[in-house]
Amino acid sequence: MIRLVLFFSLILSQVVAFAQKDSLVDIGSNNKIIEQRRLQQNVSANRYYSDSNKKKASLSLPFLDDFSQYHFYPDGSKWADVNVFINTNYAVNPISYGVATFDGLDSTGYPYNFINPTSYGIADYLTSKPIDLTTVVDSVYLSFYYQPKGMGNQPEAKDSLRLEFFRKSDSTWVRKWAVPGAALAPFKLVMIPVDVQFQSDSFQFRFKNYATLSGNVDHWNVDYVYLNDNRTFSDTTLNDVALTRNYYNMLNGYSAMPWTHYMVDTLNNMSSVINVEYRNNHNSTYSVFYEYNVITDNGAGAVIESYPTSTSFKPVNGYSSLVEPQAVYSSPLNNFYFPTDDTAKTKVFQLKNFFNISSGAVTDFNIKNDTVVSYQVFSNYYSYDDGSAEAGYGIEGVGAKLANQFTIKKSDTLVGIRIYFNPVTYNHSNKSFKLKIWSSLNPEVLIYEQVDYYNPVYSFTNEFLNYNLTTPILLPAGTYYFGYENITSDFLTLGYDLNTNSKYNIFFNAEGIWQNSNYDGSLMLHPLFKYNDAIIGVDEVENEKSSIKIYPNPSQGIFYVKTSQAIEAHVYDLLGNLVAHFPKQRHTSFNLNSLTNGVYFIHLTGEKNNLVEKIIISK
């Protein structure tokens, strides 16, 4: 989720970045992919049709994937490779939530060519598994939607997105469709007939993009891939209504905050509404019967809120979207707030949005995209962002300063600052900066300055790392500015979330004057308070070339480990609670079937090195 936003190429972005003092830039890798994929060595990297595919049972029609239920990697039951990035952050007005994004990065999240910044060629593939077309009823059509750029980098005219069909009779891939790079545009539908020459017991199709291979650039989004028989060229409607995003926040102003701070003023800390968007992909008007639930204990506990309390619906016109503000704490419509609990340090609530259009004879074509799940996390930090970076943001120059403004709700001990540094073209991990905290920027009132220097750490197991204060300080409730000062002239880049906007809380000082950020977005820098959760600090960062590998991830509950060492494993939930322990021995797998669906951290301790990995259980 770490992408270019403003500039046309990696080289140009670097030139522009150093010509400015406050810049958005290309980012050189995708840490979401690195985090989830680099250890999954069991997935074949073969991008082409092979004899091994012939030996496997072919899929049957219909073939449908709107990428709404899989994160990071394509559904392995439908797709034969893992090059594209499945996400909910890069599309603009998608057909349904979740798209397949093509770029210049490989399946590990790194550039295909990190040596030559101008290298160019075929980048990502998205190849279907073999599909049996020997018993089709009538005409077979493949349809899909595509969008250039999205929230990422615009593909240039020489770049392209292409579609090819596999012809079994001569074992060749035949080009059937292509489009050159272009500026951001709405998703466009493509209908391609699959004629008789391709109709075998092992038909395949694949998308591929031509791009610059040296970075996270030249983006294309593909959505709603649908292959079926008994279709015509005019069969362009989908009897489907879908949710278009999967991140919702019930807090007022912040996306996360410490639980004890929330309880100081529960009512004013609540948002009045959450704006839920539904898209009707059919030409008829449908009534959407909507609801959301709030569930305790990371989704494993009790339902403490259902809204609305009675059956409610709104009409959604054909080929259009409806944004419905669903009340949270908005009298007299609703008065929900998270219940107080003085015994807890942290809390995680699941927010489940869902709907149906099953009013009488109407049946939703694809019910998978009718439900989304978000999590409201109360840990030990404040944040504005959604946890994903679509760009890099930074300042340059000796003595340049950057600050993120937060108003803390209660007196508490500040122990550090959570920062997500993006690697760009150059490795700046040997450069230095000094943590600073101000109570005012005009006039500038410095209340803390780090005694020691820190170096940026590029984390490949967690995006955020904790930069601990030399001496923790007690901050009374109030407004503060948390950030750092450059010690060198180098351009240090932090993650920048483009799906939320808190630019008026971001300040930089490169020439003696504090100014607001010039770019919409949220800085991925958080103040960190006394309670210690399961997220690692910079002094715990492990060697990224760890010999311990765990896969698959996500998993239904069984995780395999590849290592030559005896290892001990501790598994923590998002609250920092130990939920599983495996004693030190030569493990080959870990059975976590007893745990509920959700996000956990596994800490593997070996004889030679350690590994902290975020894992997802999805049954």
# chains A, B, ... in the order shown; residues from 1 in each chain; ligands from 1
call {"tool": "select_by_dssp", "arguments": {"residues": "region 426-508 of chain A", "states": "strand (DSSP E)", "output": "PDB file with N, CA and C atoms, in the first residue's frame"}}
result
ATOM      1  N   PHE A 433      18.193  11.335  12.997  1.00  0.00           N
ATOM      2  CA  PHE A 433      17.231  12.368  13.348  1.00  0.00           C
ATOM      3  C   PHE A 433      17.083  12.383  14.866  1.00  0.00           C
ATOM      4  N   LYS A 434      16.461  13.424  15.397  1.00  0.00           N
ATOM      5  CA  LYS A 434      16.289  13.581  16.841  1.00  0.00           C
ATOM      6  C   LYS A 434      14.807  13.794  17.140  1.00  0.00           C
ATOM      7  N   LEU A 435      14.243  12.958  18.026  1.00  0.00           N
ATOM      8  CA  LEU A 435      12.854  13.119  18.432  1.00  0.00           C
ATOM      9  C   LEU A 435      12.667  14.438  19.167  1.00  0.00           C
ATOM     10  N   LYS A 436      11.538  15.110  18.897  1.00  0.00           N
ATOM     11  CA  LYS A 436      11.232  16.365  19.571  1.00  0.00           C
ATOM     12  C   LYS A 436       9.735  16.453  19.838  1.00  0.00           C
ATOM     13  N   ILE A 437       9.389  17.185  20.904  1.00  0.00           N
ATOM     14  CA  ILE A 437       7.987  17.406  21.251  1.00  0.00           C
ATOM     15  C   ILE A 437       7.839  18.877  21.630  1.00  0.00           C
ATOM     16  N   TRP A 438       6.815  19.499  21.058  1.00  0.00           N
ATOM     17  CA  TRP A 438       6.553  20.902  21.317  1.00  0.00           C
ATOM     18  C   TRP A 438       5.162  21.061  21.931  1.00  0.00           C
ATOM     19  N   SER A 439       4.990  22.053  22.789  1.00  0.00           N
ATOM     20  CA  SER A 439       3.667  22.407  23.285  1.00  0.00           C
ATOM     21  C   SER A 439       3.071  23.547  22.468  1.00  0.00           C
ATOM     22  N   SER A 440       3.905  24.222  21.686  1.00  0.00           N
ATOM     23  CA  SER A 440       3.453  25.295  20.804  1.00  0.00           C
ATOM     24  C   SER A 440       4.453  25.428  19.665  1.00  0.00           C
ATOM     25  N   LEU A 441       3.942  25.793  18.474  1.00  0.00           N
ATOM     26  CA  LEU A 441       4.830  26.026  17.339  1.00  0.00           C
ATOM     27  C   LEU A 441       4.983  27.517  17.034  1.00  0.00           C
ATOM     28  N   GLU A 444       7.499  28.932  19.144  1.00  0.00           N
ATOM     29  CA  GLU A 444       7.973  27.561  19.273  1.00  0.00           C
ATOM     30  C   GLU A 444       8.423  27.298  20.704  1.00  0.00           C
ATOM     31  N   VAL A 445       7.718  26.347  21.358  1.00  0.00           N
ATOM     32  CA  VAL A 445       8.040  25.982  22.737  1.00  0.00           C
ATOM     33  C   VAL A 445       8.395  24.498  22.762  1.00  0.00           C
ATOM     34  N   LEU A 446       9.669  24.210  22.884  1.00  0.00           N
ATOM     35  CA  LEU A 446      10.155  22.836  22.904  1.00  0.00           C
ATOM     36  C   LEU A 446      10.119  22.304  24.332  1.00  0.00           C
ATOM     37  N   ILE A 447       9.455  21.171  24.543  1.00  0.00           N
ATOM     38  CA  ILE A 447       9.373  20.607  25.900  1.00  0.00           C
ATOM     39  C   ILE A 447      10.152  19.303  26.026  1.00  0.00           C
ATOM     40  N   TYR A 448      10.602  18.737  24.892  1.00  0.00           N
ATOM     41  CA  TYR A 448      11.426  17.527  24.969  1.00  0.00           C
ATOM     42  C   TYR A 448      12.302  17.461  23.737  1.00  0.00           C
ATOM     43  N   GLU A 449      13.549  17.097  23.976  1.00  0.00           N
ATOM     44  CA  GLU A 449      14.479  16.852  22.881  1.00  0.00           C
ATOM     45  C   GLU A 449      15.263  15.593  23.198  1.00  0.00           C
ATOM     46  N   LEU A 465       7.169   1.183  13.889  1.00  0.00           N
ATOM     47  CA  LEU A 465       8.120   0.786  14.919  1.00  0.00           C
ATOM     48  C   LEU A 465       8.139   1.857  15.996  1.00  0.00           C
ATOM     49  N   ASN A 466       8.436   1.423  17.197  1.00  0.00           N
ATOM     50  CA  ASN A 466       8.439   2.337  18.340  1.00  0.00           C
ATOM     51  C   ASN A 466       9.827   2.945  18.527  1.00  0.00           C
ATOM     52  N   TYR A 467       9.908   4.272  18.480  1.00  0.00           N
ATOM     53  CA  TYR A 467      11.136   4.996  18.770  1.00  0.00           C
ATOM     54  C   TYR A 467      10.983   5.535  20.194  1.00  0.00           C
ATOM     55  N   ASN A 468      11.638   4.867  21.122  1.00  0.00           N
ATOM     56  CA  ASN A 468      11.415   5.139  22.543  1.00  0.00           C
ATOM     57  C   ASN A 468      12.159   6.390  23.004  1.00  0.00           C
ATOM     58  N   LEU A 469      11.528   7.139  23.900  1.00  0.00           N
ATOM     59  CA  LEU A 469      12.181   8.310  24.489  1.00  0.00           C
ATOM     60  C   LEU A 469      13.289   7.860  25.434  1.00  0.00           C
ATOM     61  N   THR A 470      14.373   8.633  25.481  1.00  0.00           N
ATOM     62  CA  THR A 470      15.439   8.339  26.438  1.00  0.00           C
ATOM     63  C   THR A 470      14.894   8.417  27.864  1.00  0.00           C
ATOM     64  N   THR A 471      14.063   9.415  28.105  1.00  0.00           N
ATOM     65  CA  THR A 471      13.422   9.593  29.407  1.00  0.00           C
ATOM     66  C   THR A 471      11.936   9.838  29.187  1.00  0.00           C
ATOM     67  N   PRO A 472      11.060   8.899  29.568  1.00  0.00           N
ATOM     68  CA  PRO A 472       9.615   9.129  29.431  1.00  0.00           C
ATOM     69  C   PRO A 472       9.202  10.399  30.167  1.00  0.00           C
ATOM     70  N   ILE A 473       8.193  11.091  29.634  1.00  0.00           N
ATOM     71  CA  ILE A 473       7.762  12.345  30.248  1.00  0.00           C
ATOM     72  C   ILE A 473       6.247  12.310  30.484  1.00  0.00           C
ATOM     73  N   LEU A 474       5.824  12.963  31.566  1.00  0.00           N
ATOM     74  CA  LEU A 474       4.408  13.072  31.886  1.00  0.00           C
ATOM     75  C   LEU A 474       3.847  14.300  31.184  1.00  0.00           C
ATOM     76  N   LEU A 475       2.824  14.070  30.341  1.00  0.00           N
ATOM     77  CA  LEU A 475       2.181  15.166  29.624  1.00  0.00           C
ATOM     78  C   LEU A 475       0.797  15.415  30.201  1.00  0.00           C
ATOM     79  N   GLY A 478      -3.907  18.088  26.878  1.00  0.00           N
ATOM     80  CA  GLY A 478      -3.740  19.293  26.087  1.00  0.00           C
ATOM     81  C   GLY A 478      -3.229  18.985  24.699  1.00  0.00           C
ATOM     82  N   THR A 479      -2.859  20.030  23.959  1.00  0.00           N
ATOM     83  CA  THR A 479      -2.415  19.902  22.577  1.00  0.00           C
ATOM     84  C   THR A 479      -0.894  19.928  22.509  1.00  0.00           C
ATOM     85  N   TYR A 480      -0.340  18.967  21.761  1.00  0.00           N
ATOM     86  CA  TYR A 480       1.112  18.846  21.609  1.00  0.00           C
ATOM     87  C   TYR A 480       1.442  18.529  20.154  1.00  0.00           C
ATOM     88  N   TYR A 481       2.723  18.695  19.843  1.00  0.00           N
ATOM     89  CA  TYR A 481       3.221  18.456  18.489  1.00  0.00           C
ATOM     90  C   TYR A 481       4.366  17.459  18.591  1.00  0.00           C
ATOM     91  N   PHE A 482       4.189  16.294  17.988  1.00  0.00           N
ATOM     92  CA  PHE A 482       5.144  15.195  18.118  1.00  0.00           C
ATOM     93  C   PHE A 482       5.863  15.012  16.784  1.00  0.00           C
ATOM     94  N   GLY A 483       7.195  14.960  16.818  1.00  0.00           N
ATOM     95  CA  GLY A 483       7.905  14.806  15.570  1.00  0.00           C
ATOM     96  C   GLY A 483       9.396  14.681  15.766  1.00  0.00           C
ATOM     97  N   TYR A 484      10.136  15.227  14.811  1.00  0.00           N
ATOM     98  CA  TYR A 484      11.588  15.079  14.859  1.00  0.00           C
ATOM     99  C   TYR A 484      12.258  16.188  14.069  1.00  0.00           C
ATOM    100  N   GLU A 485      13.572  16.256  14.234  1.00  0.00           N
ATOM    101  CA  GLU A 485      14.414  17.200  13.485  1.00  0.00           C
ATOM    102  C   GLU A 485      15.457  16.422  12.717  1.00  0.00           C
ATOM    103  N   ASN A 486      15.644  16.790  11.435  1.00  0.00           N
ATOM    104  CA  ASN A 486      16.697  16.163  10.633  1.00  0.00           C
ATOM    105  C   ASN A 486      18.078  16.589  11.135  1.00  0.00           C
ATOM    106  N   LEU A 492      14.186  12.221   4.391  1.00  0.00           N
ATOM    107  CA  LEU A 492      13.623  11.066   5.079  1.00  0.00           C
ATOM    108  C   LEU A 492      12.116  11.022   4.801  1.00  0.00           C
ATOM    109  N   THR A 493      11.609   9.856   4.400  1.00  0.00           N
ATOM    110  CA  THR A 493      10.200   9.766   4.020  1.00  0.00           C
ATOM    111  C   THR A 493       9.422   8.879   4.986  1.00  0.00           C
ATOM    112  N   LEU A 494       8.264   9.385   5.398  1.00  0.00           N
ATOM    113  CA  LEU A 494       7.343   8.650   6.257  1.00  0.00           C
ATOM    114  C   LEU A 494       6.152   8.202   5.423  1.00  0.00           C
ATOM    115  N   GLY A 495       5.452   7.178   5.938  1.00  0.00           N
ATOM    116  CA  GLY A 495       4.237   6.741   5.276  1.00  0.00           C
ATOM    117  C   GLY A 495       3.190   7.840   5.295  1.00  0.00           C
ATOM    118  N   TYR A 496       2.443   7.948   4.198  1.00  0.00           N
ATOM    119  CA  TYR A 496       1.389   8.960   4.066  1.00  0.00           C
ATOM    120  C   TYR A 496       0.130   8.275   3.561  1.00  0.00           C
ATOM    121  N   ASP A 497      -0.927   8.349   4.360  1.00  0.00           N
ATOM    122  CA  ASP A 497      -2.205   7.704   4.040  1.00  0.00           C
ATOM    123  C   ASP A 497      -3.076   8.679   3.259  1.00  0.00           C
ATOM    124  N   ILE A 506      -0.637  18.514  10.352  1.00  0.00           N
ATOM    125  CA  ILE A 506       0.740  18.219   9.965  1.00  0.00           C
ATOM    126  C   ILE A 506       1.470  19.536   9.704  1.00  0.00           C
ATOM    127  N   PHE A 507       2.626  19.703  10.343  1.00  0.00           N
ATOM    128  CA  PHE A 507       3.393  20.946  10.223  1.00  0.00           C
ATOM    129  C   PHE A 507       4.853  20.625   9.908  1.00  0.00           C
ATOM    130  N   PHE A 508       5.456  21.458   9.082  1.00  0.00           N
ATOM    131  CA  PHE A 508       6.888  21.314   8.801  1.00  0.00           C
ATOM    132  C   PHE A 508       7.550  22.682   8.864  1.00  0.00           C
TER     133      PHE A 508
END
call {"tool": "residues_around", "arguments": {"residues": "Leu322 (chain A)", "least_positions_apart": "3", "cutoff": "7 Å", "atoms": "only C-alpha atoms", "output": "MDAnalysis selection string"}}
result
chainID A and resid 277:279 316
call {"tool": "write_last_selection", "arguments": {"atoms": "C-alpha atoms", "output": "PDB file, in the first residue's frame"}}
result
ATOM      1  CA  GLU A 277     -21.437   3.516   0.399  1.00  0.00           C
ATOM      2  CA  TYR A 278     -23.406   1.028  -1.694  1.00  0.00           C
ATOM      3  CA  ARG A 279     -23.009   0.656  -5.456  1.00  0.00           C
ATOM      4  CA  VAL A 316     -30.214   2.703  -4.973  1.00  0.00           C
TER       5      VAL A 316
END
call {"tool": "residues_around", "arguments": {"residues": "Met250 (chain A)", "least_positions_apart": "4", "cutoff": "12 Å", "atoms": "only C-alpha atoms", "output": "NGL selection string"}}
result
:A and (254-257 or 266-276 or 292-294 or 325-330 or 336-338 or 349-352 or 374-378)
call {"tool": "write_last_selection", "arguments": {"atoms": "N, CA and C atoms", "output": "tab-separated table (two decimals), in the first residue's frame"}}
result
chain	number	residue	atom	x	y	z
A	254	TYR	N	-10.05	11.00	15.46
A	254	TYR	CA	-8.96	10.03	15.48
A	254	TYR	C	-9.41	8.69	14.91
A	255	SER	N	-8.46	7.92	14.42
A	255	SER	CA	-8.75	6.55	13.99
A	255	SER	C	-8.43	5.56	15.11
A	256	ALA	N	-7.59	5.94	16.05
A	256	ALA	CA	-7.27	5.12	17.21
A	256	ALA	C	-6.85	6.04	18.34
A	257	MET	N	-7.06	5.60	19.58
A	257	MET	CA	-6.65	6.36	20.75
A	257	MET	C	-6.54	5.41	21.94
A	266	THR	N	-16.34	10.03	26.71
A	266	THR	CA	-16.82	9.03	25.75
A	266	THR	C	-17.73	9.63	24.69
A	267	LEU	N	-18.62	10.50	25.07
A	267	LEU	CA	-19.61	11.00	24.11
A	267	LEU	C	-18.98	11.88	23.04
A	268	ASN	N	-18.14	12.82	23.45
A	268	ASN	CA	-17.51	13.70	22.47
A	268	ASN	C	-16.44	13.01	21.64
A	269	ASN	N	-15.99	11.85	22.08
A	269	ASN	CA	-15.01	11.10	21.29
A	269	ASN	C	-15.67	10.26	20.20
A	270	MET	N	-16.99	10.22	20.16
A	270	MET	CA	-17.70	9.43	19.15
A	270	MET	C	-18.02	10.27	17.92
A	271	SER	N	-17.92	9.65	16.77
A	271	SER	CA	-18.38	10.28	15.54
A	271	SER	C	-19.90	10.31	15.51
A	272	SER	N	-20.46	11.25	14.81
A	272	SER	CA	-21.92	11.31	14.72
A	272	SER	C	-22.48	10.27	13.75
A	273	VAL	N	-21.74	9.99	12.68
A	273	VAL	CA	-22.20	9.01	11.68
A	273	VAL	C	-21.00	8.28	11.09
A	274	ILE	N	-21.28	7.14	10.48
A	274	ILE	CA	-20.34	6.52	9.55
A	274	ILE	C	-21.00	6.52	8.18
A	275	ASN	N	-20.28	6.97	7.18
A	275	ASN	CA	-20.82	7.06	5.83
A	275	ASN	C	-20.55	5.75	5.08
A	276	VAL	N	-21.60	4.99	4.85
A	276	VAL	CA	-21.49	3.69	4.20
A	276	VAL	C	-21.96	3.82	2.76
A	292	TYR	N	-25.65	-2.22	10.78
A	292	TYR	CA	-24.31	-2.49	11.28
A	292	TYR	C	-24.39	-3.00	12.70
A	293	ASN	N	-23.42	-3.86	13.06
A	293	ASN	CA	-23.29	-4.38	14.42
A	293	ASN	C	-21.94	-3.98	14.98
A	294	VAL	N	-21.89	-3.77	16.29
A	294	VAL	CA	-20.63	-3.59	17.00
A	294	VAL	C	-20.49	-4.76	17.95
A	325	PRO	N	-25.45	7.97	5.51
A	325	PRO	CA	-24.86	8.29	6.82
A	325	PRO	C	-25.61	7.51	7.91
A	326	GLN	N	-24.99	6.50	8.44
A	326	GLN	CA	-25.63	5.69	9.47
A	326	GLN	C	-25.23	6.24	10.84
A	327	ALA	N	-26.22	6.55	11.64
A	327	ALA	CA	-26.01	7.27	12.89
A	327	ALA	C	-25.19	6.46	13.89
A	328	VAL	N	-24.27	7.12	14.57
A	328	VAL	CA	-23.51	6.53	15.67
A	328	VAL	C	-23.94	7.22	16.95
A	329	TYR	N	-23.34	8.39	17.24
A	329	TYR	CA	-23.85	9.19	18.35
A	329	TYR	C	-24.41	10.46	17.75
A	330	SER	N	-25.68	10.41	17.40
A	330	SER	CA	-26.34	11.50	16.70
A	330	SER	C	-27.78	11.56	17.14
A	336	PHE	N	-25.15	5.73	20.41
A	336	PHE	CA	-24.18	4.68	20.74
A	336	PHE	C	-22.83	5.26	21.12
A	337	TYR	N	-22.24	4.70	22.17
A	337	TYR	CA	-20.84	4.94	22.50
A	337	TYR	C	-20.29	3.66	23.10
A	338	PHE	N	-18.97	3.47	23.00
A	338	PHE	CA	-18.35	2.27	23.54
A	338	PHE	C	-18.47	2.29	25.07
A	349	PHE	N	-12.90	-3.56	19.18
A	349	PHE	CA	-14.29	-3.82	18.81
A	349	PHE	C	-14.36	-4.09	17.31
A	350	GLN	N	-15.20	-5.03	16.95
A	350	GLN	CA	-15.43	-5.31	15.54
A	350	GLN	C	-16.66	-4.54	15.08
A	351	LEU	N	-16.54	-3.87	13.94
A	351	LEU	CA	-17.65	-3.17	13.32
A	351	LEU	C	-18.02	-3.93	12.05
A	352	LYS	N	-19.21	-4.49	12.03
A	352	LYS	CA	-19.66	-5.31	10.91
A	352	LYS	C	-20.79	-4.60	10.18
A	374	SER	N	-14.64	-4.13	9.95
A	374	SER	CA	-13.57	-3.24	10.38
A	374	SER	C	-13.32	-3.43	11.87
A	375	TYR	N	-12.21	-2.87	12.34
A	375	TYR	CA	-11.87	-3.01	13.75
A	375	TYR	C	-11.56	-1.64	14.34
A	376	GLN	N	-12.18	-1.35	15.47
A	376	GLN	CA	-11.89	-0.12	16.21
A	376	GLN	C	-10.93	-0.48	17.34
A	377	VAL	N	-9.70	-0.01	17.22
A	377	VAL	CA	-8.64	-0.41	18.14
A	377	VAL	C	-8.39	0.71	19.15
A	378	PHE	N	-8.42	0.35	20.43
A	378	PHE	CA	-8.01	1.24	21.51
A	378	PHE	C	-6.77	0.63	22.14
call {"tool": "atom_distance", "arguments": {"atom1": "CA of Thr363 (chain A)", "atom2": "CA of Asn239 (chain A)"}}
result
7.7 Å
call {"tool": "closest_residue", "arguments": {"among": "A:Ile602, A:Val225, A:Met524, A:Leu133", "to": "Gln197 (chain A)", "atoms": "only C-alpha atoms"}}
result
A:Leu133
call {"tool": "closest_residue", "arguments": {"among": "A:Ile304, A:Val451, A:Leu59, A:Ile295", "to": "Ser202 (chain A)", "atoms": "only C-alpha atoms"}}
result
A:Leu59
call {"tool": "closest_residue", "arguments": {"among": "A:Gly397, A:Gly392, A:Pro193, A:Pro456", "to": "Ser139 (chain A)", "atoms": "only C-alpha atoms"}}
result
A:Pro193
call {"tool": "closest_residue", "arguments": {"among": "A:Ser411, A:Gly121, A:Ala157, A:Ser60", "to": "Val136 (chain A)", "atoms": "only C-alpha atoms"}}
result
A:Ser60
call {"tool": "closest_atom_pairs", "arguments": {"of": "region 365-393 of chain A", "to": "region 85-106 of chain A", "cutoff": "9 Å", "atoms": "only C-alpha atoms", "output": "tab-separated table"}}
result
residue	atom	partner	partner_atom	distance
A:Asn369	CA	A:Ser96	CA	6.7
A:Val372	CA	A:Tyr97	CA	8.8
A:Ser388	CA	A:Asn89	CA	7.8
A:Ala389	CA	A:Asn89	CA	8.9
A:Glu390	CA	A:Tyr90	CA	7.6
call {"tool": "write_last_selection", "arguments": {"atoms": "C-alpha atoms", "output": "mmCIF file, in the first residue's frame"}}
result
data_model
loop_
_atom_site.group_PDB
_atom_site.id
_atom_site.type_symbol
_atom_site.label_atom_id
_atom_site.label_comp_id
_atom_site.auth_asym_id
_atom_site.auth_seq_id
_atom_site.Cartn_x
_atom_site.Cartn_y
_atom_site.Cartn_z
ATOM 1 C CA ASN A 369 -19.371 -8.136 -1.163
ATOM 2 C CA VAL A 372 -17.419 -5.864 5.447
ATOM 3 C CA SER A 388 -1.937 1.945 5.027
ATOM 4 C CA ALA A 389 0.470 4.197 3.141
ATOM 5 C CA GLU A 390 -0.232 5.083 -0.474
#
call {"tool": "atom_distance", "arguments": {"atom1": "CA of Gly76 (chain A)", "atom2": "CA of Asn221 (chain A)"}}
result
19.0 Å
call {"tool": "residues_around", "arguments": {"residues": "Ile115 (chain A)", "least_positions_apart": "4", "cutoff": "10 Å", "atoms": "only C-alpha atoms", "output": "number ranges by chain"}}
result
A: 111, 119, 213-214, 425
call {"tool": "select_by_dssp", "arguments": {"residues": "region 80-283 of chain A", "states": "helix (DSSP H, G or I)", "output": "PyMOL selection string"}}
result
chain A and resi 196-198+259-265
call {"tool": "write_last_selection", "arguments": {"atoms": "N, CA and C atoms", "output": "PDB file, in the first residue's frame"}}
result
ATOM      1  N   VAL A 196     -14.304 -20.416 -30.330  1.00  0.00           N
ATOM      2  CA  VAL A 196     -14.178 -21.872 -30.276  1.00  0.00           C
ATOM      3  C   VAL A 196     -12.727 -22.327 -30.198  1.00  0.00           C
ATOM      4  N   GLN A 197     -11.805 -21.612 -30.828  1.00  0.00           N
ATOM      5  CA  GLN A 197     -10.410 -22.066 -30.856  1.00  0.00           C
ATOM      6  C   GLN A 197      -9.792 -22.137 -29.459  1.00  0.00           C
ATOM      7  N   PHE A 198     -10.392 -21.435 -28.489  1.00  0.00           N
ATOM      8  CA  PHE A 198      -9.865 -21.436 -27.121  1.00  0.00           C
ATOM      9  C   PHE A 198     -10.651 -22.344 -26.178  1.00  0.00           C
ATOM     10  N   TRP A 259      -7.388   3.589  25.332  1.00  0.00           N
ATOM     11  CA  TRP A 259      -8.687   3.313  25.931  1.00  0.00           C
ATOM     12  C   TRP A 259      -8.964   4.225  27.131  1.00  0.00           C
ATOM     13  N   THR A 260      -7.970   4.409  27.980  1.00  0.00           N
ATOM     14  CA  THR A 260      -8.184   5.245  29.170  1.00  0.00           C
ATOM     15  C   THR A 260      -8.433   6.704  28.792  1.00  0.00           C
ATOM     16  N   HIS A 261      -7.886   7.146  27.670  1.00  0.00           N
ATOM     17  CA  HIS A 261      -8.121   8.506  27.192  1.00  0.00           C
ATOM     18  C   HIS A 261      -9.530   8.621  26.620  1.00  0.00           C
ATOM     19  N   TYR A 262      -9.960   7.594  25.927  1.00  0.00           N
ATOM     20  CA  TYR A 262     -11.319   7.592  25.385  1.00  0.00           C
ATOM     21  C   TYR A 262     -12.350   7.753  26.495  1.00  0.00           C
ATOM     22  N   MET A 263     -12.133   7.079  27.620  1.00  0.00           N
ATOM     23  CA  MET A 263     -13.141   7.076  28.676  1.00  0.00           C
ATOM     24  C   MET A 263     -13.275   8.423  29.394  1.00  0.00           C
ATOM     25  N   VAL A 264     -12.322   9.321  29.182  1.00  0.00           N
ATOM     26  CA  VAL A 264     -12.412  10.645  29.801  1.00  0.00           C
ATOM     27  C   VAL A 264     -13.629  11.414  29.275  1.00  0.00           C
ATOM     28  N   ASP A 265     -13.943  11.211  28.004  1.00  0.00           N
ATOM     29  CA  ASP A 265     -15.037  11.962  27.386  1.00  0.00           C
ATOM     30  C   ASP A 265     -15.662  11.098  26.300  1.00  0.00           C
TER      31      ASP A 265
END
call {"tool": "residues_around", "arguments": {"residues": "Glu568 (chain A)", "least_positions_apart": "5", "cutoff": "7 Å", "atoms": "only C-alpha atoms", "output": "PDB file with N, CA and C atoms, in the first residue's frame"}}
result
ATOM      1  N   PHE A 582       4.098 -22.239  22.409  1.00  0.00           N
ATOM      2  CA  PHE A 582       4.674 -23.505  21.969  1.00  0.00           C
ATOM      3  C   PHE A 582       6.110 -23.565  22.474  1.00  0.00           C
ATOM      4  N   PRO A 583       6.463 -24.561  23.279  1.00  0.00           N
ATOM      5  CA  PRO A 583       7.808 -24.628  23.866  1.00  0.00           C
ATOM      6  C   PRO A 583       8.887 -24.826  22.808  1.00  0.00           C
ATOM      7  N   LYS A 584      10.101 -24.587  23.211  1.00  0.00           N
ATOM      8  CA  LYS A 584      11.216 -24.627  22.272  1.00  0.00           C
ATOM      9  C   LYS A 584      11.515 -26.053  21.827  1.00  0.00           C
ATOM     10  N   GLN A 585      11.406 -26.274  20.519  1.00  0.00           N
ATOM     11  CA  GLN A 585      11.755 -27.555  19.899  1.00  0.00           C
ATOM     12  C   GLN A 585      11.798 -27.337  18.393  1.00  0.00           C
ATOM     13  N   LEU A 604       8.566 -15.670  17.236  1.00  0.00           N
ATOM     14  CA  LEU A 604       9.337 -16.906  17.143  1.00  0.00           C
ATOM     15  C   LEU A 604      10.757 -16.637  17.609  1.00  0.00           C
ATOM     16  N   THR A 605      11.190 -17.367  18.614  1.00  0.00           N
ATOM     17  CA  THR A 605      12.528 -17.190  19.183  1.00  0.00           C
ATOM     18  C   THR A 605      13.370 -18.403  18.865  1.00  0.00           C
ATOM     19  N   GLY A 606      14.451 -18.191  18.088  1.00  0.00           N
ATOM     20  CA  GLY A 606      15.325 -19.289  17.702  1.00  0.00           C
ATOM     21  C   GLY A 606      16.682 -19.205  18.346  1.00  0.00           C
TER      22      GLY A 606
END
call {"tool": "residues_around", "arguments": {"residues": "Ala185 (chain A)", "least_positions_apart": "4", "cutoff": "12 Å", "atoms": "only C-alpha atoms", "output": "list in words"}}
result
Ala91, Val92, Asn93, Pro94, Tyr145, Tyr146, Gln147, Pro148, Lys149, Gly150, Met151, Gln154, Pro155, Gly181, Leu189, Trp220 and Asn221 of chain A
call {"tool": "atom_distance", "arguments": {"atom1": "CA of Asn516 (chain A)", "atom2": "CA of Ile417 (chain A)"}}
result
20.2 Å
call {"tool": "residues_around", "arguments": {"residues": "region 232-235 of chain A", "least_positions_apart": "4", "cutoff": "10 Å", "atoms": "only C-alpha atoms", "output": "list in words"}}
result
Asp138, Ser139, Val140, Tyr141, Leu142, Ser143, Val190, Met191, Ile192 and Pro193 of chain A
